[in-house]
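Enquirer: Okay, handing you the structure first.
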Amino acid sequence: MKKVYNSAAEALEGVLFDGMMIAAGGFGLCGIPENLIEGIRDAGTKNLTVASNNAGVDDFGLGILLQDKQVKKMLSSYVGENAEFMRQYLSGELEIEFNPQGTLAERMRAGGAGIPGFYTKTGVGTVIAEGKEHKDFNGETYIMEEGIVADLSIVKAWKGDRAGNLIYRKTARNFNPNAATCGKICIAEVEELLPTGALDPDLIHTPGIFVHRIFEGGHEKRIEQRTVREG
Amino acid sequence: MKKVYNSAAEALEGVLFDGMMIAAGGFGLCGIPENLIEGIRDAGTKNLTVASNNAGVDDFGLGILLQDKQVKKMLSSYVGENAEFMRQYLSGELEIEFNPQGTLAERMRAGGAGIPGFYTKTGVGTVIAEGKEHKDFNGETYIMEEGIVADLSIVKAWKGDRAGNLIYRKTARNFNPNAATCGKICIAEVEELLPTGALDPDLIHTPGIFVHRIFEGGHEKRIEQRTVREG
Amino acid sequence: MAWDRNQMAERAGRELKDGMYVNLGIGIPTLVSNYIPEGVDVTLQSENGMLGMGPFPKEDEIDADLINAGKQTITELHRTSYFSSADSFAMIRGGKIAMAILGAMEVAENGDLANWMIPGKLIKGMGGAMDLVAGVGRVIVIMDHTNKKGESKLLKACTLPLTGAGVVDEIITNLGVFKVVEGGLEVIEIADGVTIDEIRQMTDATLVN
Amino acid sequence: MAWDRNQMAERAGRELKDGMYVNLGIGIPTLVSNYIPEGVDVTLQSENGMLGMGPFPKEDEIDADLINAGKQTITELHRTSYFSSADSFAMIRGGKIAMAILGAMEVAENGDLANWMIPGKLIKGMGGAMDLVAGVGRVIVIMDHTNKKGESKLLKACTLPLTGAGVVDEIITNLGVFKVVEGGLEVIEIADGVTIDEIRQMTDATLVN
């Protein structure tokens with residue numbers, strides 16, 4: 001069973017369609033599937049619904065799909081870094097469903113785990129709770145949130161093997177393991193693709209069962225806020 | 001903040017009380033917190049409710065708490081290896097709440113994650129679903145299961161550090177990471193206790209935030225079914 | 001004269017397709033791993049937290065930290081990964097496992113499955129079976145066609161507490177292969193030396209052909 | 001003459017207890033890490049997936065894979081561990097984080113908190129703030145007592161969309177420290193050179209003392 005592809009374009013072949021829902025890993029510009037985002041930009045797929053914590057910046061990450069008006073709707077928790085996003089949103093060109101960050105992560109995890117709904121205290125008493133089912137447990141009120149199942153999930157890992165096993169590095173892990181589980185198809189781009197058996201089985205973050213296609217790609221890894229100390 | 005103790009007895013000091021609920025890691029006799037179970041036996045705590053996939057065998061693992069009649073109720077998925085368990089159960093001395101294995105694991109995970117309830121297809125149309133809330137999502141029926149929050153969780157890891165970070169080995173991981181999260185207090189026993197900084201931060205299975213007390217102990221690691229092939 | 005355990009396992013092996021992730025139950029299903037067809041690459045899941053289950057160990061390879069869901073010592077492969085029980089059943093419940101091959105006490109013609117308890121007599125627990133039948137893509141049962149008393153285990157309706165309702169897709173017995181279809185079971189294969197009349201005689205469930 | 005940002009952060013630092021796991025928000029709360037009292041061992045959580053957050057890197061230590069929830073480059077410590085976003089918020093929602101110290105646009109006397117949007121004007125999103133205030137043991141807000149127009153940010157009721165209802169335990173402003181109690185806010189400390197009358201004048205919320 002071949003999982004290995006040579007490029008984002010090859011790996012995306014046959015899986016994209018207008019109006020689809022995509023779940024993307026990454027936090028800010030950290031650990032984002034740069035190559036796959038560019039591949040989707042190049043493919044020109046339209047009317048996308050994208051579940052991703054952030055929307056990149058204007059000219060990098062998911063921002064490039066916004067610039068090309070390929071995105072109809074975002075499910076995100078924070079979009080403060082993206083001026084184009086704001087503009088499209090405030091002018092009504094773009095829909096957004098704000099999800100608290102932990103709720104978004106858990107919704108991806110739940111969708112991948114066959115859990116269609118779960119209860120959380122997050123957002124009770126706020127606009128997030130409007131229209132959602134409320135239920136009391138032990139005298140406290142919770143709201144129900146639904147699992148996300150995406151048509152495609154796109155993730156970025158540090159190392160991967162030919163069986164699709166993935167390992168992430170530092171805070172570039174973030175939403176990637178959760179997004180990986182919730183796609184009907186999951187494509188992973190890695191900095192280093194290794195032979196099967198090169199990764200320690202105890203230390204694999206995403207088992208290959210979740211990953212349908214994998215390829216090695218170069219990564220710019222742009223830094224959003226370069227903060228340093230003296231010394 | 002001191003997390004390191006010298007023995008099971010020391011680590012259990014002040015946390016045990018009659019009628020408490022304990023969540024235990026382990027699958028069969030693999031990856032069970034041997035020393036902590038013996039410590040609880042020695043402490044003589046009574047009327048325990050224990051959430052654990054299995055109940056050990058008659059003279060090892062949780063079986064030794066059953067022999068001493070310390071357990072009032074078990075939440076388990078499979079107890080076929082334990083004759084004493086069967087005897088106590090069939091004679092009405094012991095209560096059991098059968099949980100499908102995945103439901104039990106997810107209930108522990110949910111309890112630790114602040115999720116009081118979640119929906120699953122597992123058990124729909126069986127006795128497991130009786131008395132539970134049913135809800136339809138996308139035309140399929142699911143039942144609600146509740147998160148487990150235990151008074152104490154006891155787990156066994158391979159390596160740990162003084163900050164409580166844990167790494168498990170092979171299939172001895174099993175329920176341990178999930179049980180670790182769902183105890184109001186979690187005590188971990190490890191084969192090897194290392195200085196903080198000895199574990200790769202990318203490869204820690206259970207972050208130290210979940211572990212309140214930790215100690216190094218010897219482990220018999222009994223094998224239930226020694227199956228071999230020729231050669 | 002009907003299939004033996006190994007022939008049943010071999011027949012089940014032919015259901016495996018390249019690239020599948022599969023969960024094999026305890027007993028005859030475990031034997032299926034000996035009959036994975038040439039050129040078919042299958043990854044075995046063990047629900048206690050492992051993908052890529054290898055064969056039993058040699059004596060000097062035995063590792064107490066490495067067992068399958070039947071608590072038997074096993075080995076790992078190059079592709080192996082380990083994970084927690086919650087993560088293991090997340091992939092099962094989430095539909096990532098293409099197929100489970102399980103044993104059974106009873107199967108009903110509507111796909112109901114009973115394999116976890118006999119009230120008042122045998123109560124071992126369902127283990128991961130309820131999660132598997134609810135979550136995986138396809139459920140195949142391997143079992144003897146009749147019980148020790150010679151009574152059909154393929155029934156119009158199960159008499160024992162269910163493991164799952166309407167979950168079985170196909171049943172492989174020592175007498176043949178049966179598909180759960182609208183209206184009952186369809187005989188899709190007959191074991192060598194067995195006749196359809198013998199099957200009819202030994203089957204309580206409605207056969208549609 | 002009232003506290004500056006660093007004095008507010010220092011005052012917040014005194015709320016930290018040995019062994020605590022703490023989440024610090026963006027802005028003044030981030031400064032609190034400079035004022036962890038001597039002998040108090042605190043582990044900082046960054047909700048993008050890290051426990052044990054270290055200081056900003058030196059120029060040659062910068063790592064694009066290592067940022068905090070404010071997207072700033074940071075460093076790791078000996079005790080550091082990394083995990084996924086779902087696992088990160090599992091520990092937040094599960095009550096494992098003892099305290100969050102956050103900024104705010106408005107706080108109401110009943111503990112309501114607004115810090116994520118101004119309708120029609122500023123809509124950045126709530127990030128992890130809603131999860132934090134719902135999940136952690138104790139929520140402390142650090143903010144200026146008044147907005148740019150000189151109006152009280154401690155209100156009888158919030159006017160902006162809430163981040164959480166009844167979630168704030170304590171507020172540290174440039175004028176003092178306020179505890180959310182039955183009936184309103186209790187002044188528990190007054191900044192150097194500030195009088196209780198000045199506070200009364202500049203506070204819309206009910207002060208119980």
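Letters A, B, ... mark the chains of the structure tokens in the order given; residue numbers begin at 1 per chain; ligand numbers begin at 1, in order shown.
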Going by DSSP on the backbone, which residues of range 1-164 of chain B come out as strand (DSSP E or B)? List them as a PDB file with N, CA and C atoms, in the first residue's frame.

Expert:
```pdb
ATOM      1  N   VAL B   4       8.813  13.532  45.079  1.00  0.00           N
ATOM      2  CA  VAL B   4       9.485  12.234  45.132  1.00  0.00           C
ATOM      3  C   VAL B   4       9.341  11.586  46.509  1.00  0.00           C
ATOM      4  N   MET B  21     -12.749   6.049  45.680  1.00  0.00           N
ATOM      5  CA  MET B  21     -12.675   5.500  44.333  1.00  0.00           C
ATOM      6  C   MET B  21     -11.247   5.632  43.806  1.00  0.00           C
ATOM      7  N   ILE B  22     -10.754   4.526  43.254  1.00  0.00           N
ATOM      8  CA  ILE B  22      -9.395   4.489  42.721  1.00  0.00           C
ATOM      9  C   ILE B  22      -9.439   4.088  41.244  1.00  0.00           C
ATOM     10  N   ALA B  23      -8.733   4.820  40.400  1.00  0.00           N
ATOM     11  CA  ALA B  23      -8.551   4.431  38.997  1.00  0.00           C
ATOM     12  C   ALA B  23      -7.149   3.862  38.858  1.00  0.00           C
ATOM     13  N   ALA B  24      -7.054   2.684  38.242  1.00  0.00           N
ATOM     14  CA  ALA B  24      -5.758   2.031  38.125  1.00  0.00           C
ATOM     15  C   ALA B  24      -5.388   1.794  36.676  1.00  0.00           C
ATOM     16  N   PHE B  27      -3.168  -3.389  31.975  1.00  0.00           N
ATOM     17  CA  PHE B  27      -4.042  -4.234  31.136  1.00  0.00           C
ATOM     18  C   PHE B  27      -3.625  -5.667  31.418  1.00  0.00           C
ATOM     19  N   CYS B  30      -0.084  -6.511  32.755  1.00  0.00           N
ATOM     20  CA  CYS B  30       0.930  -5.734  32.039  1.00  0.00           C
ATOM     21  C   CYS B  30       0.820  -4.255  32.397  1.00  0.00           C
ATOM     22  N   LEU B  48     -13.550  -0.146  48.678  1.00  0.00           N
ATOM     23  CA  LEU B  48     -13.025   0.576  47.524  1.00  0.00           C
ATOM     24  C   LEU B  48     -13.910   0.372  46.295  1.00  0.00           C
ATOM     25  N   THR B  49     -14.051   1.435  45.509  1.00  0.00           N
ATOM     26  CA  THR B  49     -14.543   1.291  44.134  1.00  0.00           C
ATOM     27  C   THR B  49     -13.315   1.431  43.252  1.00  0.00           C
ATOM     28  N   VAL B  50     -13.074   0.445  42.398  1.00  0.00           N
ATOM     29  CA  VAL B  50     -11.864   0.475  41.576  1.00  0.00           C
ATOM     30  C   VAL B  50     -12.225   0.443  40.095  1.00  0.00           C
ATOM     31  N   ALA B  51     -11.765   1.449  39.357  1.00  0.00           N
ATOM     32  CA  ALA B  51     -11.913   1.465  37.909  1.00  0.00           C
ATOM     33  C   ALA B  51     -10.609   0.938  37.320  1.00  0.00           C
ATOM     34  N   VAL B  57      -5.050 -11.346  38.720  1.00  0.00           N
ATOM     35  CA  VAL B  57      -5.324 -12.767  38.931  1.00  0.00           C
ATOM     36  C   VAL B  57      -5.437 -12.958  40.445  1.00  0.00           C
ATOM     37  N   PHE B  60      -2.188 -11.905  42.363  1.00  0.00           N
ATOM     38  CA  PHE B  60      -1.302 -10.841  41.865  1.00  0.00           C
ATOM     39  C   PHE B  60      -2.151  -9.732  41.259  1.00  0.00           C
ATOM     40  N   VAL B  71     -12.452  -4.582  48.206  1.00  0.00           N
ATOM     41  CA  VAL B  71     -13.131  -3.950  47.080  1.00  0.00           C
ATOM     42  C   VAL B  71     -14.636  -4.190  47.164  1.00  0.00           C
ATOM     43  N   LYS B  72     -15.381  -3.080  47.058  1.00  0.00           N
ATOM     44  CA  LYS B  72     -16.840  -3.157  47.075  1.00  0.00           C
ATOM     45  C   LYS B  72     -17.370  -3.259  45.652  1.00  0.00           C
ATOM     46  N   LYS B  73     -16.727  -2.542  44.743  1.00  0.00           N
ATOM     47  CA  LYS B  73     -17.238  -2.444  43.384  1.00  0.00           C
ATOM     48  C   LYS B  73     -16.110  -2.267  42.380  1.00  0.00           C
ATOM     49  N   MET B  74     -16.238  -2.943  41.232  1.00  0.00           N
ATOM     50  CA  MET B  74     -15.264  -2.782  40.156  1.00  0.00           C
ATOM     51  C   MET B  74     -15.938  -2.168  38.928  1.00  0.00           C
ATOM     52  N   LEU B  75     -15.227  -1.282  38.246  1.00  0.00           N
ATOM     53  CA  LEU B  75     -15.605  -0.843  36.892  1.00  0.00           C
ATOM     54  C   LEU B  75     -14.575  -1.465  35.958  1.00  0.00           C
ATOM     55  N   SER B  76     -14.979  -2.458  35.201  1.00  0.00           N
ATOM     56  CA  SER B  76     -14.021  -3.214  34.396  1.00  0.00           C
ATOM     57  C   SER B  76     -14.653  -3.637  33.089  1.00  0.00           C
ATOM     58  N   GLU B  95     -19.809  -5.934  43.722  1.00  0.00           N
ATOM     59  CA  GLU B  95     -20.570  -5.303  42.654  1.00  0.00           C
ATOM     60  C   GLU B  95     -19.674  -5.135  41.443  1.00  0.00           C
ATOM     61  N   ILE B  96     -20.253  -5.247  40.258  1.00  0.00           N
ATOM     62  CA  ILE B  96     -19.449  -4.918  39.096  1.00  0.00           C
ATOM     63  C   ILE B  96     -20.258  -4.107  38.108  1.00  0.00           C
ATOM     64  N   GLU B  97     -19.621  -3.092  37.560  1.00  0.00           N
ATOM     65  CA  GLU B  97     -20.231  -2.325  36.483  1.00  0.00           C
ATOM     66  C   GLU B  97     -19.367  -2.580  35.258  1.00  0.00           C
ATOM     67  N   PHE B  98     -19.904  -3.408  34.348  1.00  0.00           N
ATOM     68  CA  PHE B  98     -19.130  -3.685  33.135  1.00  0.00           C
ATOM     69  C   PHE B  98     -19.127  -2.471  32.233  1.00  0.00           C
ATOM     70  N   GLY B 117     -19.454  14.354  30.118  1.00  0.00           N
ATOM     71  CA  GLY B 117     -20.214  13.380  29.349  1.00  0.00           C
ATOM     72  C   GLY B 117     -19.864  13.455  27.878  1.00  0.00           C
ATOM     73  N   PHE B 118     -19.968  12.303  27.197  1.00  0.00           N
ATOM     74  CA  PHE B 118     -19.700  12.249  25.755  1.00  0.00           C
ATOM     75  C   PHE B 118     -20.576  11.167  25.147  1.00  0.00           C
ATOM     76  N   TYR B 119     -20.740  11.243  23.844  1.00  0.00           N
ATOM     77  CA  TYR B 119     -21.594  10.282  23.149  1.00  0.00           C
ATOM     78  C   TYR B 119     -20.766   9.259  22.385  1.00  0.00           C
ATOM     79  N   THR B 120     -21.235   8.013  22.426  1.00  0.00           N
ATOM     80  CA  THR B 120     -20.542   6.929  21.721  1.00  0.00           C
ATOM     81  C   THR B 120     -21.571   5.957  21.160  1.00  0.00           C
ATOM     82  N   HIS B 134     -30.071   8.494  25.172  1.00  0.00           N
ATOM     83  CA  HIS B 134     -29.824   8.229  23.767  1.00  0.00           C
ATOM     84  C   HIS B 134     -29.996   9.517  22.973  1.00  0.00           C
ATOM     85  N   LYS B 135     -29.158   9.712  21.981  1.00  0.00           N
ATOM     86  CA  LYS B 135     -29.286  10.897  21.141  1.00  0.00           C
ATOM     87  C   LYS B 135     -28.848  10.566  19.726  1.00  0.00           C
ATOM     88  N   ASP B 136     -29.551  11.120  18.755  1.00  0.00           N
ATOM     89  CA  ASP B 136     -29.201  10.874  17.359  1.00  0.00           C
ATOM     90  C   ASP B 136     -28.318  11.996  16.806  1.00  0.00           C
ATOM     91  N   PHE B 137     -27.298  11.600  16.085  1.00  0.00           N
ATOM     92  CA  PHE B 137     -26.452  12.534  15.337  1.00  0.00           C
ATOM     93  C   PHE B 137     -26.382  12.007  13.910  1.00  0.00           C
ATOM     94  N   GLU B 140     -27.767   8.534  13.171  1.00  0.00           N
ATOM     95  CA  GLU B 140     -27.315   7.367  13.930  1.00  0.00           C
ATOM     96  C   GLU B 140     -27.522   7.610  15.419  1.00  0.00           C
ATOM     97  N   THR B 141     -27.770   6.536  16.139  1.00  0.00           N
ATOM     98  CA  THR B 141     -28.057   6.657  17.562  1.00  0.00           C
ATOM     99  C   THR B 141     -26.793   6.426  18.393  1.00  0.00           C
ATOM    100  N   TYR B 142     -26.627   7.276  19.386  1.00  0.00           N
ATOM    101  CA  TYR B 142     -25.487   7.188  20.298  1.00  0.00           C
ATOM    102  C   TYR B 142     -26.006   7.213  21.736  1.00  0.00           C
ATOM    103  N   ILE B 143     -25.183   6.756  22.666  1.00  0.00           N
ATOM    104  CA  ILE B 143     -25.539   6.874  24.076  1.00  0.00           C
ATOM    105  C   ILE B 143     -24.525   7.766  24.786  1.00  0.00           C
ATOM    106  N   MET B 144     -24.992   8.373  25.882  1.00  0.00           N
ATOM    107  CA  MET B 144     -24.091   9.229  26.638  1.00  0.00           C
ATOM    108  C   MET B 144     -23.395   8.430  27.739  1.00  0.00           C
ATOM    109  N   GLU B 145     -22.106   8.592  27.818  1.00  0.00           N
ATOM    110  CA  GLU B 145     -21.321   8.009  28.904  1.00  0.00           C
ATOM    111  C   GLU B 145     -20.692   9.154  29.690  1.00  0.00           C
ATOM    112  N   GLU B 146     -20.470   8.930  30.973  1.00  0.00           N
ATOM    113  CA  GLU B 146     -19.963  10.011  31.830  1.00  0.00           C
ATOM    114  C   GLU B 146     -18.469   9.880  32.122  1.00  0.00           C
ATOM    115  N   ALA B 150     -11.688  10.098  39.764  1.00  0.00           N
ATOM    116  CA  ALA B 150     -11.402   9.232  40.911  1.00  0.00           C
ATOM    117  C   ALA B 150     -10.755  10.036  42.034  1.00  0.00           C
ATOM    118  N   ASP B 151     -10.884   9.543  43.254  1.00  0.00           N
ATOM    119  CA  ASP B 151     -10.197  10.196  44.373  1.00  0.00           C
ATOM    120  C   ASP B 151      -8.687  10.041  44.235  1.00  0.00           C
ATOM    121  N   LEU B 152      -8.302   8.900  43.679  1.00  0.00           N
ATOM    122  CA  LEU B 152      -6.874   8.603  43.539  1.00  0.00           C
ATOM    123  C   LEU B 152      -6.666   7.817  42.256  1.00  0.00           C
ATOM    124  N   SER B 153      -5.616   8.133  41.527  1.00  0.00           N
ATOM    125  CA  SER B 153      -5.246   7.228  40.445  1.00  0.00           C
ATOM    126  C   SER B 153      -3.849   6.697  40.697  1.00  0.00           C
ATOM    127  N   ILE B 154      -3.680   5.424  40.379  1.00  0.00           N
ATOM    128  CA  ILE B 154      -2.389   4.755  40.581  1.00  0.00           C
ATOM    129  C   ILE B 154      -1.920   4.206  39.235  1.00  0.00           C
ATOM    130  N   VAL B 155      -0.697   4.589  38.869  1.00  0.00           N
ATOM    131  CA  VAL B 155      -0.186   4.188  37.560  1.00  0.00           C
ATOM    132  C   VAL B 155       1.249   3.708  37.672  1.00  0.00           C
ATOM    133  N   LYS B 156       1.655   2.992  36.635  1.00  0.00           N
ATOM    134  CA  LYS B 156       3.015   2.471  36.568  1.00  0.00           C
ATOM    135  C   LYS B 156       3.634   2.903  35.252  1.00  0.00           C
ATOM    136  N   ALA B 157       4.822   3.486  35.318  1.00  0.00           N
ATOM    137  CA  ALA B 157       5.526   3.895  34.108  1.00  0.00           C
ATOM    138  C   ALA B 157       6.907   3.251  34.082  1.00  0.00           C
ATOM    139  N   TRP B 158       7.552   3.407  32.948  1.00  0.00           N
ATOM    140  CA  TRP B 158       8.891   2.827  32.793  1.00  0.00           C
ATOM    141  C   TRP B 158       9.914   3.771  33.425  1.00  0.00           C
ATOM    142  N   LYS B 159       9.961   4.997  32.875  1.00  0.00           N
ATOM    143  CA  LYS B 159      10.872   6.009  33.395  1.00  0.00           C
ATOM    144  C   LYS B 159      10.082   7.227  33.855  1.00  0.00           C
ATOM    145  N   GLY B 160      10.584   7.858  34.863  1.00  0.00           N
ATOM    146  CA  GLY B 160       9.982   9.091  35.328  1.00  0.00           C
ATOM    147  C   GLY B 160      11.077  10.035  35.772  1.00  0.00           C
ATOM    148  N   ASP B 161      10.747  11.324  35.861  1.00  0.00           N
ATOM    149  CA  ASP B 161      11.733  12.244  36.434  1.00  0.00           C
ATOM    150  C   ASP B 161      11.159  12.910  37.679  1.00  0.00           C
TER     151      ASP B 161
END
```

Enquirer: Which polymer residues have any atom within 10 Å of an atom of range 122-125 of chain B, counting only C-alpha atoms, with same-chain residues fewer than 3 positions away left out, as a PyMOL selection string?

Expert: (chain A and resi 114) or (chain B and resi 99-103+119+128-130+132+134+141-145) or (chain C and resi 93+112+128-135+161-166)

Enquirer: Excluding same-chain residues fewer than 2 positions from range 202-214 of chain A, what lies within 8 Å of it counting only C-alpha atoms, as a short mmCIF file (atom, residue, chain, number, x, y, z; two decimals) with C-alpha atoms, in the first residue's frame?

Expert:
```cif
data_model
loop_
_atom_site.label_atom_id
_atom_site.label_comp_id
_atom_site.auth_asym_id
_atom_site.auth_seq_id
_atom_site.Cartn_x
_atom_site.Cartn_y
_atom_site.Cartn_z
CA LYS A 3 1.52 6.11 1.04
CA VAL A 4 4.59 8.02 -0.11
CA TYR A 5 4.28 10.86 -2.62
CA ALA A 11 -0.27 14.08 -2.70
CA GLY A 160 7.78 10.59 9.35
CA ARG A 162 6.96 5.31 4.97
CA ALA A 163 4.19 3.68 7.03
CA GLY A 164 2.90 7.17 7.88
CA ASN A 165 4.07 7.28 11.49
CA LEU A 166 4.76 10.86 12.60
CA ILE A 167 6.80 12.68 15.21
CA TYR A 168 6.41 16.41 15.86
CA PRO A 177 -2.07 15.35 15.97
CA ALA A 180 -4.62 14.31 11.65
CA THR A 181 -7.31 12.15 13.23
CA ILE A 185 -8.23 11.55 4.30
CA CYS A 186 -5.12 12.89 6.00
CA ILE A 187 -2.05 14.14 4.17
CA ALA A 188 1.13 14.80 6.12
CA GLU A 189 4.16 16.78 5.03
CA VAL A 190 7.37 16.12 6.92
CA LEU A 199 11.26 5.80 14.53
CA ASP A 200 11.08 4.39 18.06
CA GLU A 216 8.89 15.28 2.36
CA TYR B 168 5.80 4.14 29.35
CA ARG B 169 7.24 1.12 27.54
CA LYS B 170 5.49 -0.84 24.76
CA LEU B 203 8.77 12.24 24.06
CA TYR C 21 -5.66 -2.11 9.35
CA LEU C 51 -0.45 -1.15 15.71
CA SER C 81 3.60 2.08 17.19
CA TYR C 82 2.30 2.05 20.76
CA PHE C 83 -0.39 4.27 22.27
CA LYS C 96 -9.93 3.87 11.23
#
```

Enquirer: Rank nothing, just name the residue among C:Thr195, C:Thr146, C:Thr80, C:Gln72 nearest to Ile223 in chain B, using only C-alpha atoms.

Expert: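 Distance minimum relative to Ile223 in chain B lands on C:Gln72.
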
Enquirer: Chain C residues within 12 Å of chain A, counting only C-alpha atoms: which ones, as JSON, numbers by chain?

Expert: {"C": [17, 18, 19, 20, 21, 22, 39, 40, 41, 42, 43, 44, 45, 49, 50, 51, 52, 53, 65, 66, 75, 76, 77, 78, 79, 80, 81, 82, 83, 84, 86, 87, 88, 89, 90, 91, 92, 93, 94, 95, 96, 97, 98, 131, 132, 134, 135, 136]}

Enquirer: Using CA of Ser46 in chain C and CA of Gln7 in chain C as the two end points, give the distance in Å to one decimal.

Expert: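 These atoms are spaced 23.0 Å apart.
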
Enquirer: For Phe175 in chain B, which residue among C:Glu198, C:Asp4, C:Glu10, C:Glu47 is the nearest when counting only C-alpha atoms?

Expert: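 Once distances to Phe175 in chain B are computed over only C-alpha atoms, the minimum belongs to C:Glu47.
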
Enquirer: Give me, please, the distance in Å between CA of Gly39 in chain A and CA of Ala8 in chain A, quoted to one decimal.

Expert: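 One can read the CA of Gly39 in chain A to CA of Ala8 in chain A distance as 5.6 Å.
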
Enquirer: In Å, how far is it from CA of Arg222 in chain B to CA of Tyr89 in chain B?

Expert: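 For CA of Arg222 in chain B relative to CA of Tyr89 in chain B, the distance reads 24.7 Å.
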
Enquirer: Please identify the helix (DSSP H, G or I) residues within range 17-149 of chain C (assignment by DSSP from backbone atoms) and present them as a list in words.

Expert: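 So the helix (DSSP H, G or I) residues in range 17-149 of chain C would be Ile28, Pro29, Thr30, Leu31, Val32, Ser33, Asn34, Tyr35, Glu59, Asp60, Glu61, Ser85, Ala86, Asp87, Ser88, Phe89, Ala90, Met91, Ile92, Arg93, Ala129, Met130, Asp131, Leu132, Val133, Ala134 and Gly135 of chain C.
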
Enquirer: For Thr173 in chain D, work out the shell of residues within 9 Å, counting only C-alpha atoms and skipping chain neighbours fewer than 6 positions away, then give it as a CSV table (one decimal) with C-alpha atoms, in the first residue's frame.

Expert:
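selection23.csv written:
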```csv
chain,number,residue,atom,x,y,z
D,2,ALA,CA,-0.4,54.2,41.5
D,3,TRP,CA,1.4,51.1,40.3
D,8,MET,CA,1.2,45.3,39.0
D,141,VAL,CA,-7.1,39.7,36.0
D,142,ILE,CA,-4.4,42.3,35.6
D,143,MET,CA,-5.5,45.5,33.8
D,144,ASP,CA,-5.5,49.3,34.0
D,145,HIS,CA,-8.2,50.5,36.3
D,146,THR,CA,-9.7,52.8,33.6
D,191,ALA,CA,-1.5,51.0,45.6
```

Enquirer: What lies within 7 Å of Met126 in chain D using only C-alpha atoms, ignoring chain neighbours under 5 positions off, as a list in words?

Expert: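 Selected residues are Ser77, Tyr78 and Pro100 of chain A; Trp116 of chain D.
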
Enquirer: If we count only C-alpha atoms and set the cut-off at 9 Å, which residues sit around Met105 in chain C, ignoring sequence neighbours fewer than 2 positions away in its own chain? Please answer as number ranges by chain.

Expert: C: 103, 107, 113-117, 143, 147, 153, 160
